[in-house]
>>> print(open('final.pdb').read())   # PDB, C-alpha atoms
ATOM      1  CA  MET A 531      51.755  89.523  68.210
ATOM      2  CA  TRP A 532      52.202  89.908  71.972
ATOM      3  CA  ARG A 533      53.176  86.244  72.316
ATOM      4  CA  ARG A 534      56.019  86.855  69.846
ATOM      5  CA  VAL A 535      57.118  89.990  71.702
ATOM      6  CA  LEU A 536      57.050  88.093  75.007
ATOM      7  CA  PHE A 537      59.120  85.287  73.518
ATOM      8  CA  ASP A 538      61.694  87.785  72.198
ATOM      9  CA  LEU A 539      61.656  89.539  75.547
ATOM     10  CA  MET A 540      62.538  86.293  77.316
ATOM     11  CA  ILE A 541      65.410  85.709  74.888
ATOM     12  CA  ILE A 542      66.871  89.170  75.529
ATOM     13  CA  MET A 543      66.439  88.824  79.295
ATOM     14  CA  CYS A 544      68.248  85.474  79.277
ATOM     15  CA  VAL A 545      71.085  86.830  77.117
ATOM     16  CA  GLY A 546      71.419  89.886  79.394
ATOM     17  CA  ILE A 547      71.392  87.851  82.600
ATOM     18  CA  PHE A 548      73.834  85.201  81.379
ATOM     19  CA  SER A 549      76.284  87.648  79.799
ATOM     20  CA  GLY A 550      76.220  89.797  82.947
ATOM     21  CA  ILE A 551      76.904  86.850  85.232
ATOM     22  CA  ILE A 552      79.573  85.265  83.005
ATOM     23  CA  VAL A 553      81.501  88.519  82.452
ATOM     24  CA  ASN A 554      81.257  89.317  86.153
ATOM     25  CA  GLU A 555      82.709  85.912  87.034
ATOM     26  CA  LEU A 556      85.542  86.262  84.536
ATOM     27  CA  ARG A 557      86.694  89.782  85.376
ATOM     28  CA  ALA A 558      89.153  90.514  88.157
ATOM     29  CA  ASP A 559      87.082  93.338  89.663
ATOM     30  CA  GLY A 560      83.787  91.434  89.541
ATOM     31  CA  ILE A 561      81.374  91.765  92.441
ATOM     32  CA  PRO A 562      79.933  88.791  94.358
ATOM     33  CA  LEU A 563      76.318  88.182  93.312
ATOM     34  CA  LEU A 564      75.333  87.603  96.921
ATOM     35  CA  PRO A 565      77.460  89.430  99.492
ATOM     36  CA  ALA A 566      79.615  87.262 101.752
ATOM     37  CA  TYR A 567      78.170  88.987 104.804
ATOM     38  CA  MET A 568      74.755  87.422 104.111
ATOM     39  CA  ASP A 569      76.015  84.567 106.283
ATOM     40  CA  SER A 570      75.102  85.514 109.857
ATOM     41  CA  SER A 571      77.327  82.907 111.515
ATOM     42  CA  PHE A 572      80.068  85.519 111.969
ATOM     43  CA  HIS A 573      78.153  87.551 114.536
ATOM     44  CA  ARG A 574      75.308  87.572 117.030
ATOM     45  CA  GLU A 575      72.174  89.616 116.487
ATOM     46  CA  MET A 576      70.256  91.554 119.101
ATOM     47  CA  ASP A 577      67.311  93.933 119.014
ATOM     48  CA  LEU A 578      67.589  97.483 120.287
ATOM     49  CA  ASN A 579      65.830  96.856 123.618
ATOM     50  CA  ALA A 580      68.054  93.901 124.429
ATOM     51  CA  PHE A 581      71.052  96.028 123.523
ATOM     52  CA  LYS A 582      70.009  98.758 125.971
ATOM     53  CA  ARG A 583      69.800  96.203 128.776
ATOM     54  CA  GLU A 584      73.161  94.717 127.774
ATOM     55  CA  LYS A 585      74.777  98.138 127.640
ATOM     56  CA  CYS A 586      73.733  98.857 131.228
ATOM     57  CA  LYS A 587      75.536  95.692 132.347
ATOM     58  CA  ASN A 588      78.608  96.179 130.187
ATOM     59  CA  SER A 589      79.863  99.757 130.116
ATOM     60  CA  CYS A 590      83.203  99.072 128.387
ATOM     61  CA  CYS A 591      81.689  98.017 125.049
ATOM     62  CA  LEU A 592      82.305  99.748 121.737
ATOM     63  CA  ILE A 593      79.373 100.917 119.612
ATOM     64  CA  PHE A 594      79.892 101.480 115.904
ATOM     65  CA  ASP A 595      77.509 103.167 113.489
ATOM     66  CA  ALA A 596      78.360 101.524 110.156
ATOM     67  CA  ARG A 597      76.293 103.806 107.954
ATOM     68  CA  PRO A 598      77.845 106.413 105.640
ATOM     69  CA  HIS A 599      78.976 109.583 107.391
ATOM     70  CA  GLU A 600      76.029 111.745 106.276
ATOM     71  CA  PHE A 601      73.553 109.325 107.893
ATOM     72  CA  TYR A 602      75.608 109.308 111.100
ATOM     73  CA  GLU A 603      75.656 113.113 111.143
ATOM     74  CA  LYS A 604      71.861 113.264 111.020
ATOM     75  CA  ASP A 605      71.203 110.824 113.836
ATOM     76  CA  HIS A 606      73.003 108.138 115.841
ATOM     77  CA  LEU A 607      72.877 106.216 119.103
ATOM     78  CA  MET A 608      74.438 107.842 122.124
ATOM     79  CA  GLY A 609      78.079 106.834 122.471
ATOM     80  CA  ALA A 610      78.340 105.439 118.952
ATOM     81  CA  VAL A 611      81.210 106.349 116.642
ATOM     82  CA  ASN A 612      81.049 106.302 112.879
ATOM     83  CA  PHE A 613      82.812 103.297 111.266
ATOM     84  CA  PRO A 614      81.791 102.903 107.589
ATOM     85  CA  PRO A 615      83.038  99.564 106.228
ATOM     86  CA  VAL A 616      84.224 101.200 102.989
ATOM     87  CA  GLN A 617      87.091 102.761 105.021
ATOM     88  CA  PHE A 618      87.598  99.693 107.176
ATOM     89  CA  ASP A 619      91.389  99.681 107.404
ATOM     90  CA  PHE A 620      91.598 103.352 108.394
ATOM     91  CA  PHE A 621      88.915 103.153 111.086
ATOM     92  CA  HIS A 622      90.123  99.791 112.350
ATOM     93  CA  GLY A 623      93.556 101.304 112.941
ATOM     94  CA  LEU A 624      91.937 104.290 114.608
ATOM     95  CA  TYR A 625      89.536 102.537 116.992
ATOM     96  CA  LEU A 626      90.646  98.944 117.336
ATOM     97  CA  ALA A 627      94.407  98.820 116.835
ATOM     98  CA  ASP A 628      95.079  97.866 120.470
ATOM     99  CA  ALA A 629      91.716  96.317 121.332
ATOM    100  CA  PRO A 630      91.809  92.675 122.517
ATOM    101  CA  PRO A 631      89.874  90.234 120.287
ATOM    102  CA  ASP A 632      87.190  89.581 122.897
ATOM    103  CA  THR A 633      86.204  93.252 123.330
ATOM    104  CA  PRO A 634      82.402  93.507 123.117
ATOM    105  CA  ILE A 635      81.582  95.339 119.915
ATOM    106  CA  PHE A 636      78.087  96.432 118.948
ATOM    107  CA  VAL A 637      77.392  97.382 115.359
ATOM    108  CA  TYR A 638      74.317  98.917 113.775
ATOM    109  CA  GLY A 639      73.384 100.693 110.565
ATOM    110  CA  ARG A 640      71.098  98.948 108.152
ATOM    111  CA  THR A 641      69.199 100.768 105.424
ATOM    112  CA  ILE A 642      66.955  99.285 102.738
ATOM    113  CA  SER A 643      69.750  98.733 100.230
ATOM    114  CA  ARG A 644      72.799  98.646 102.489
ATOM    115  CA  ALA A 645      73.568  96.091 105.167
ATOM    116  CA  CYS A 646      76.505  98.127 106.485
ATOM    117  CA  ASP A 647      76.115  96.540 109.921
ATOM    118  CA  ARG A 648      76.493  92.993 108.642
ATOM    119  CA  GLU A 649      79.336  94.002 106.334
ATOM    120  CA  LEU A 650      81.243  95.621 109.197
ATOM    121  CA  ALA A 651      80.568  92.668 111.506
ATOM    122  CA  TYR A 652      81.873  90.328 108.806
ATOM    123  CA  LEU A 653      85.053  92.383 108.313
ATOM    124  CA  LEU A 654      85.626  92.588 112.079
ATOM    125  CA  ALA A 655      85.210  88.806 112.338
ATOM    126  CA  LEU A 656      87.820  88.367 109.610
ATOM    127  CA  LYS A 657      90.189  90.551 111.673
ATOM    128  CA  GLY A 658      89.735  88.168 114.591
ATOM    129  CA  HIS A 659      87.164  90.000 116.733
ATOM    130  CA  LYS A 660      85.097  87.293 118.395
ATOM    131  CA  ASN A 661      82.484  89.284 120.278
ATOM    132  CA  VAL A 662      80.651  91.234 117.597
ATOM    133  CA  THR A 663      76.924  91.838 117.900
ATOM    134  CA  VAL A 664      74.675  93.397 115.255
ATOM    135  CA  ILE A 665      71.880  95.564 116.618
ATOM    136  CA  PHE A 666      68.734  95.634 114.496
TER
ATOM    137  CA  MET B 358      52.511  84.191  52.881
ATOM    138  CA  ALA B 359      49.135  85.477  53.936
ATOM    139  CA  ASN B 360      50.789  87.234  56.851
ATOM    140  CA  VAL B 361      53.258  88.963  54.514
ATOM    141  CA  GLU B 362      50.431  90.202  52.313
ATOM    142  CA  ARG B 363      48.499  91.389  55.343
ATOM    143  CA  ASP B 364      51.564  93.276  56.658
ATOM    144  CA  LYS B 365      52.155  94.865  53.257
ATOM    145  CA  ARG B 366      48.557  96.087  53.199
ATOM    146  CA  LEU B 367      48.956  97.368  56.727
ATOM    147  CA  LEU B 368      52.147  99.233  55.866
ATOM    148  CA  SER B 369      50.662 100.764  52.754
ATOM    149  CA  LYS B 370      47.746 102.095  54.805
ATOM    150  CA  GLN B 371      50.102 103.918  57.144
ATOM    151  CA  SER B 372      50.968 106.908  55.034
ATOM    152  CA  ILE B 373      53.221 108.753  57.478
ATOM    153  CA  PRO B 374      55.726 110.660  55.349
ATOM    154  CA  TYR B 375      59.381 109.659  55.857
ATOM    155  CA  ARG B 376      58.231 106.874  58.179
ATOM    156  CA  GLY B 377      61.363 104.837  57.574
ATOM    157  CA  ILE B 378      63.638 107.768  58.329
ATOM    158  CA  ILE B 379      61.714 108.607  61.526
ATOM    159  CA  ILE B 380      62.055 104.989  62.644
ATOM    160  CA  LEU B 381      65.752 105.022  61.807
ATOM    161  CA  ILE B 382      66.348 108.221  63.810
ATOM    162  CA  LEU B 383      64.393 106.887  66.791
ATOM    163  CA  ARG B 384      66.239 103.575  66.675
ATOM    164  CA  LEU B 385      69.640 105.212  66.449
ATOM    165  CA  GLY B 386      68.788 107.629  69.252
ATOM    166  CA  LEU B 387      67.478 105.001  71.653
ATOM    167  CA  SER B 388      70.197 102.475  70.890
ATOM    168  CA  GLY B 389      72.911 105.138  71.234
ATOM    169  CA  LEU B 390      71.478 106.268  74.565
ATOM    170  CA  PHE B 391      71.339 102.772  76.027
ATOM    171  CA  ILE B 392      74.717 101.599  74.721
ATOM    172  CA  TYR B 393      76.394 104.789  75.955
ATOM    173  CA  ALA B 394      74.696 104.523  79.354
ATOM    174  CA  SER B 395      75.673 100.862  79.727
ATOM    175  CA  LEU B 396      79.377 101.239  78.969
ATOM    176  CA  SER B 397      80.378 103.208  82.073
ATOM    177  CA  LYS B 398      78.361 100.809  84.245
ATOM    178  CA  ILE B 399      80.009  97.759  82.680
ATOM    179  CA  ARG B 400      83.455  99.375  83.024
ATOM    180  CA  ASP B 401      83.124 100.030  86.749
ATOM    181  CA  PRO B 402      80.756  97.552  88.460
ATOM    182  CA  ILE B 403      81.741  98.584  91.992
ATOM    183  CA  ARG B 404      80.801 102.209  91.309
ATOM    184  CA  PHE B 405      77.506 101.124  89.786
ATOM    185  CA  LYS B 406      76.788  98.825  92.728
ATOM    186  CA  ASN B 407      77.125 101.839  95.050
ATOM    187  CA  ILE B 408      74.864 103.902  92.779
ATOM    188  CA  VAL B 409      72.164 101.197  92.900
ATOM    189  CA  ALA B 410      72.474 101.084  96.690
ATOM    190  CA  ASN B 411      72.190 104.902  96.856
ATOM    191  CA  TYR B 412      68.686 104.685  95.430
ATOM    192  CA  GLU B 413      67.568 102.802  98.568
ATOM    193  CA  VAL B 414      64.828 100.963  96.719
ATOM    194  CA  LEU B 415      66.059  97.380  96.382
ATOM    195  CA  PRO B 416      66.725  95.089  99.342
ATOM    196  CA  TYR B 417      70.461  94.776 100.012
ATOM    197  CA  TRP B 418      70.681  91.184  98.771
ATOM    198  CA  MET B 419      69.390  92.268  95.333
ATOM    199  CA  VAL B 420      71.788  95.195  94.830
ATOM    200  CA  ASN B 421      74.757  93.189  93.501
ATOM    201  CA  ILE B 422      72.630  91.049  91.188
ATOM    202  CA  THR B 423      70.975  94.152  89.737
ATOM    203  CA  ALA B 424      74.317  95.912  89.320
ATOM    204  CA  THR B 425      75.645  92.858  87.464
ATOM    205  CA  VAL B 426      72.730  92.288  85.104
ATOM    206  CA  LEU B 427      71.185  95.708  84.402
ATOM    207  CA  PRO B 428      74.097  97.220  82.392
ATOM    208  CA  TRP B 429      74.202  94.160  80.144
ATOM    209  CA  LEU B 430      70.474  94.311  79.599
ATOM    210  CA  GLU B 431      70.905  97.940  78.543
ATOM    211  CA  PHE B 432      73.824  97.015  76.317
ATOM    212  CA  TRP B 433      72.046  94.137  74.554
ATOM    213  CA  THR B 434      68.788  96.015  74.006
ATOM    214  CA  GLY B 435      70.777  98.959  72.613
ATOM    215  CA  SER B 436      72.877  96.734  70.352
ATOM    216  CA  LEU B 437      69.960  94.665  69.066
ATOM    217  CA  LEU B 438      67.953  97.819  68.395
ATOM    218  CA  LEU B 439      70.915  99.271  66.511
ATOM    219  CA  ILE B 440      71.192  96.290  64.170
ATOM    220  CA  GLY B 441      67.411  95.901  64.031
ATOM    221  CA  ILE B 442      66.849  92.499  65.624
ATOM    222  CA  LEU B 443      63.916  91.731  67.955
ATOM    223  CA  VAL B 444      63.053  95.401  67.759
ATOM    224  CA  ARG B 445      59.706  95.485  69.541
ATOM    225  CA  ALA B 446      60.926  93.414  72.493
ATOM    226  CA  CYS B 447      63.943  95.729  72.836
ATOM    227  CA  ILE B 448      61.615  98.745  72.902
ATOM    228  CA  VAL B 449      59.430  97.081  75.572
ATOM    229  CA  ILE B 450      62.474  96.443  77.791
ATOM    230  CA  GLN B 451      63.885  99.925  77.258
ATOM    231  CA  GLY B 452      60.490 101.483  77.943
ATOM    232  CA  SER B 453      60.140  99.438  81.124
ATOM    233  CA  LEU B 454      63.600 100.518  82.279
ATOM    234  CA  LEU B 455      62.771 104.163  81.568
ATOM    235  CA  VAL B 456      59.514 103.882  83.555
ATOM    236  CA  LEU B 457      61.495 102.301  86.381
ATOM    237  CA  PHE B 458      64.081 105.127  86.333
ATOM    238  CA  ILE B 459      61.292 107.730  86.371
ATOM    239  CA  LEU B 460      59.589 106.058  89.343
ATOM    240  CA  VAL B 461      62.706 105.598  91.479
ATOM    241  CA  THR B 462      64.018 109.075  90.681
ATOM    242  CA  GLY B 463      60.644 110.627  91.536
ATOM    243  CA  LEU B 464      60.418 108.556  94.714
ATOM    244  CA  ASN B 465      63.830 109.669  95.896
ATOM    245  CA  ILE B 466      63.207 113.326  95.070
ATOM    246  CA  ALA B 467      59.965 113.061  97.066
ATOM    247  CA  ARG B 468      61.856 111.449  99.959
ATOM    248  CA  GLY B 469      64.432 114.237  99.874
ATOM    249  CA  MET B 470      67.318 111.828  99.366
ATOM    250  CA  GLU B 471      70.677 113.330  98.425
ATOM    251  CA  PHE B 472      72.178 111.244  95.657
ATOM    252  CA  TYR B 473      73.096 111.353  91.987
ATOM    253  CA  CYS B 474      71.498 109.344  89.221
ATOM    254  CA  GLY B 475      74.656 107.690  87.846
ATOM    255  CA  CYS B 476      73.067 107.118  84.452
ATOM    256  CA  PHE B 477      76.175 108.219  82.568
ATOM    257  CA  ALA B 478      79.923 108.276  83.193
ATOM    258  CA  GLU B 479      79.980 112.043  83.664
ATOM    259  CA  ASP B 480      77.324 112.072  86.409
ATOM    260  CA  THR B 481      78.915 112.987  89.710
ATOM    261  CA  ILE B 482      77.772 113.655  93.243
ATOM    262  CA  THR B 483      77.980 117.422  92.631
ATOM    263  CA  GLY B 484      75.455 117.106  89.800
ATOM    264  CA  GLY B 485      72.814 115.805  92.202
ATOM    265  CA  ILE B 486      69.373 114.827  91.020
ATOM    266  CA  SER B 487      66.516 117.019  89.866
ATOM    267  CA  TYR B 488      63.201 116.988  88.027
ATOM    268  CA  TRP B 489      65.179 117.458  84.796
ATOM    269  CA  HIS B 490      66.215 113.813  85.058
ATOM    270  CA  ILE B 491      62.539 112.851  85.059
ATOM    271  CA  VAL B 492      61.820 115.144  82.104
ATOM    272  CA  PHE B 493      64.789 113.618  80.249
ATOM    273  CA  ASN B 494      63.535 110.093  80.873
ATOM    274  CA  VAL B 495      59.941 110.982  79.932
ATOM    275  CA  PHE B 496      61.271 112.404  76.643
ATOM    276  CA  TRP B 497      63.026 109.124  75.846
ATOM    277  CA  LEU B 498      59.993 107.143  76.965
ATOM    278  CA  LEU B 499      57.892 109.054  74.440
ATOM    279  CA  MET B 500      60.499 108.270  71.782
ATOM    280  CA  ALA B 501      60.269 104.567  72.692
ATOM    281  CA  GLY B 502      56.465 104.743  72.561
ATOM    282  CA  ALA B 503      56.554 106.363  69.133
ATOM    283  CA  LEU B 504      58.975 103.734  67.859
ATOM    284  CA  PHE B 505      56.799 100.936  69.224
ATOM    285  CA  ILE B 506      53.795 102.324  67.372
ATOM    286  CA  LEU B 507      55.653 102.982  64.112
ATOM    287  CA  GLU B 508      57.731  99.815  63.942
ATOM    288  CA  ARG B 509      55.542  96.742  63.580
ATOM    289  CA  ARG B 510      58.163  94.288  62.459
ATOM    290  CA  ARG B 511      60.370  91.978  64.422
ATOM    291  CA  PHE B 512      63.451  92.572  62.254
ATOM    292  CA  SER B 513      64.254  96.024  60.831
ATOM    293  CA  HIS B 514      66.403  95.038  57.864
ATOM    294  CA  ARG B 515      67.920  97.665  55.575
ATOM    295  CA  PHE B 516      67.474 100.214  58.355
ATOM    296  CA  LEU B 517      63.814 100.505  57.355
ATOM    297  CA  LEU B 518      64.474 103.015  54.620
ATOM    298  CA  SER B 519      62.210 100.931  52.423
ATOM    299  CA  HIS B 520      58.599 100.162  53.358
ATOM    300  CA  ASN B 521      58.838  96.864  51.548
ATOM    301  CA  ALA B 522      61.754  95.522  53.521
ATOM    302  CA  ALA B 523      61.634  91.819  54.288
ATOM    303  CA  ARG B 524      60.128  90.683  57.549
TER
END
>>> encode(input="final.pdb", output="C-alpha cells")
Amino acid sequence: MWRRVLFDLMIIMCVGIFSGIIVNELRADGIPLLPAYMDSSFHREMDLNAFKREKCKNSCCLIFDARPHEFYEKDHLMGAVNFPPVQFDFFHGLYLADAPPDTPIFVYGRTISRACDRELAYLLALKGHKNVTVIF
Amino acid sequence: MANVERDKRLLSKQSIPYRGIIILILRLGLSGLFIYASLSKIRDPIRFKNIVANYEVLPYWMVNITATVLPWLEFWTGSLLLIGILVRACIVIQGSLLVLFILVTGLNIARGMEFYCGCFAEDTITGGISYWHIVFNVFWLLMAGALFILERRRFSHRFLLSHNAAR
C-alpha cells in the first residue's frame, strides 16, 4: 500500500513543481527561480575584520545596512545608514544622487532567508557604481 | 479480483456509522482549505515570496523556488482531494505541509520574530502570529489524520456515499 501512496505522491509533486514553474515563466509578474544577485561578479566581498581595517584607511566611504528598517533599528554598524533594496530608487536618490561612480560603498545585511546585501550590491552595480563591497 | 474481495471484506468490517458522509465532509473541508489558501498565493507571487522570506527558515536561494512551487502543490492536492483522485497521497502531502507550518510557526514564536503567517489573503501584518495559528493547524492535521485512517482507497468515486463504490 505504501509503495502505491509513494508513487502517487511523486506524481502530485511532479505536477505541482512543473505547473508552478511553467505558470511562473508565463506570467508577467513571475519571480526568478534563482535571484539574479546570486552572481557575485558584481561586487567584492570582505569579512568584518577586513572591513574595519579598510575603514580606518578610507574615511570617506559609505556604509549601507540593507536589511529591513526594523532590523536596522535594533542594531547596526556605527556610521551605517539604512538602505533597503525594496525602496531602492527612493534611497538611491537620497544618498547617492550626486555620488561619483567610484565612491567606495560598503553594504551589509544578510539574514537566513534574505540576501539584502547582495541584492543591494547588484542594484548599485546596475546603476553604475563600480566600487561596491559586501561585508559578511 | 482477490484484492477487490479483500477490500470489500475490510470495508464491511469497519462499521463506523455514516462513514461515507464523514469522509465526504473531511475531504470537502481539507480541499476547500487548501484551494482557498493557495489562490491568494498564486495571485500574488511577490507577496508570497516576501512571506516565505519573513519566516527566516529557508536559505535565501530556496525562497523563490518555494514561493513558486508551494502554492501549486497546495492547489493540486486540494483539487485532487475534491474530485477524489489519489486521495491518500494528497492527504500525506497536506499533512506534511501542516506539520511543516506548525513547526515553523512554533519556531518563530519561540524566537520572538515579528511576522504574520500569510496563509490566507486576509492575513495582514497587524494580525501578527500567535499560538492560535498552531491550534488551527493542529485541528486540520487531526482532520487529515482521520481522513487517512477512514479512507483506504486510491480513488473516492461517487463522493464515497456508498461503501461499495468502485476502487
>>> closest_atom_pairs(input="final.pdb", of="chain B", to="chain A", cutoff="8 Å", atoms="only C-alpha atoms", output="CSV")
residue,atom,partner,partner_atom,distance
B:Pro402,CA,A:Gly560,CA,6.9
B:Ile403,CA,A:Ile561,CA,6.8
B:Ala410,CA,A:Ser643,CA,5.0
B:Asn411,CA,A:Ser643,CA,7.4
B:Tyr412,CA,A:Ser643,CA,7.7
B:Glu413,CA,A:Ser643,CA,4.9
B:Val414,CA,A:Ser643,CA,6.4
B:Leu415,CA,A:Ser643,CA,5.5
B:Pro416,CA,A:Ser643,CA,4.8
B:Tyr417,CA,A:Ser643,CA,4.0
B:Trp418,CA,A:Leu564,CA,6.2
B:Met419,CA,A:Leu564,CA,7.7
B:Val420,CA,A:Ser643,CA,6.8
B:Asn421,CA,A:Leu563,CA,5.2
B:Ile422,CA,A:Leu563,CA,5.1
B:Thr425,CA,A:Gly550,CA,5.5
B:Val426,CA,A:Gly550,CA,4.8
B:Leu427,CA,A:Gly546,CA,7.7
B:Pro428,CA,A:Gly550,CA,7.7
B:Trp429,CA,A:Gly546,CA,5.2
B:Leu430,CA,A:Gly546,CA,4.5
B:Trp433,CA,A:Gly546,CA,6.5
B:Thr434,CA,A:Ile542,CA,7.3
B:Leu443,CA,A:Asp538,CA,6.2
B:Arg445,CA,A:Val535,CA,6.4
B:Ala446,CA,A:Leu539,CA,5.0
B:Cys447,CA,A:Leu539,CA,7.1
B:Val449,CA,A:Leu539,CA,7.9
B:Ile450,CA,A:Leu539,CA,7.3
>>> atom_distance(input="final.pdb", atom1="CA of Arg384 (chain B)", atom2="CA of Leu498 (chain B)")
12.6 Å
>>> closest_residue(input="final.pdb", among="A:Gln617, A:Lys660, A:Ile635, A:His599", to="Glu584 (chain A)", atoms="only C-alpha atoms")
A:Ile635
>>> residues_around(input="final.pdb", residues="region 581-583 of chain A", least_positions_apart="6", cutoff="10 Å", atoms="all atoms listed in the file", output="PyMOL selection string")
chain A and resi 575+636+663-666
>>> resolve_selection(input="final.pdb", expression="the PyMOL selection byres ((chain B and resi 511) around 8)", output="ChimeraX atom specification")
/B:442-445,509-510,512-513,524
>>> residues_around(input="final.pdb", residues="Asp647 (chain A)", least_positions_apart="3", cutoff="6 Å", atoms="only C-alpha atoms", output="ChimeraX atom specification")
/A:596,637-640,650
>>> resolve_selection(input="final.pdb", expression="the PyMOL selection byres ((chain A and resi 616) around 10)", output="list in words")
Ala596, Arg597, Pro598, Phe613, Pro614, Pro615, Gln617, Phe618, Asp619, Phe620, Phe621, Cys646, Glu649 and Leu650 of chain A
>>> atom_distance(input="final.pdb", atom1="CA of Gly469 (chain B)", atom2="CA of Leu396 (chain B)")
28.8 Å
>>> resolve_selection(input="final.pdb", expression="the PyMOL selection byres ((chain B and resi 379) around 12)", output="MDAnalysis selection string")
chainID B and resid 373:378 380:386 500:501 503:508 516:519
>>> residues_around(input="final.pdb", residues="Gly463 (chain B)", least_positions_apart="4", cutoff="12 Å", atoms="only C-alpha atoms", output="list in words")
Tyr412, Val414, Val456, Leu457, Phe458, Ile459, Ala467, Arg468, Gly469, Met470, Cys474, Ile486, Ser487, Tyr488, Trp489, His490, Ile491, Val492, Asn494 and Val495 of chain B
>>> write_last_selection(input="final.pdb", atoms="C-alpha atoms", output="mmCIF file, in the coordinates of the input")
data_model
loop_
_atom_site.group_PDB
_atom_site.id
_atom_site.type_symbol
_atom_site.label_atom_id
_atom_site.label_comp_id
_atom_site.auth_asym_id
_atom_site.auth_seq_id
_atom_site.Cartn_x
_atom_site.Cartn_y
_atom_site.Cartn_z
ATOM 1 C CA TYR B 412 68.686 104.685 95.430
ATOM 2 C CA VAL B 414 64.828 100.963 96.719
ATOM 3 C CA VAL B 456 59.514 103.882 83.555
ATOM 4 C CA LEU B 457 61.495 102.301 86.381
ATOM 5 C CA PHE B 458 64.081 105.127 86.333
ATOM 6 C CA ILE B 459 61.292 107.730 86.371
ATOM 7 C CA ALA B 467 59.965 113.061 97.066
ATOM 8 C CA ARG B 468 61.856 111.449 99.959
ATOM 9 C CA GLY B 469 64.432 114.237 99.874
ATOM 10 C CA MET B 470 67.318 111.828 99.366
ATOM 11 C CA CYS B 474 71.498 109.344 89.221
ATOM 12 C CA ILE B 486 69.373 114.827 91.020
ATOM 13 C CA SER B 487 66.516 117.019 89.866
ATOM 14 C CA TYR B 488 63.201 116.988 88.027
ATOM 15 C CA TRP B 489 65.179 117.458 84.796
ATOM 16 C CA HIS B 490 66.215 113.813 85.058
ATOM 17 C CA ILE B 491 62.539 112.851 85.059
ATOM 18 C CA VAL B 492 61.820 115.144 82.104
ATOM 19 C CA ASN B 494 63.535 110.093 80.873
ATOM 20 C CA VAL B 495 59.941 110.982 79.932
#
>>> residues_around(input="final.pdb", residues="Ser397 (chain B)", least_positions_apart="2", cutoff="12 Å", atoms="all atoms listed in the file", output="number ranges by chain")
B: 391-395, 399-405, 424, 428-429, 431-432, 475-480
>>> atom_distance(input="final.pdb", atom1="CA of Pro631 (chain A)", atom2="CA of Phe601 (chain A)")
28.0 Å
>>> axis_aligned_box(input="final.pdb", around="region 595-610 of chain A", padding_each_side="8 Å", output="JSON")
{"center_x": 75.1, "center_y": 107.4, "center_z": 114.1, "size_x": 23.8, "size_y": 27.7, "size_z": 32.8}
>>> closest_residue(input="final.pdb", among="B:Phe496, B:Ile448, B:Leu464, B:Thr423", to="Lys398 (chain B)", atoms="all atoms listed in the file")
B:Thr423
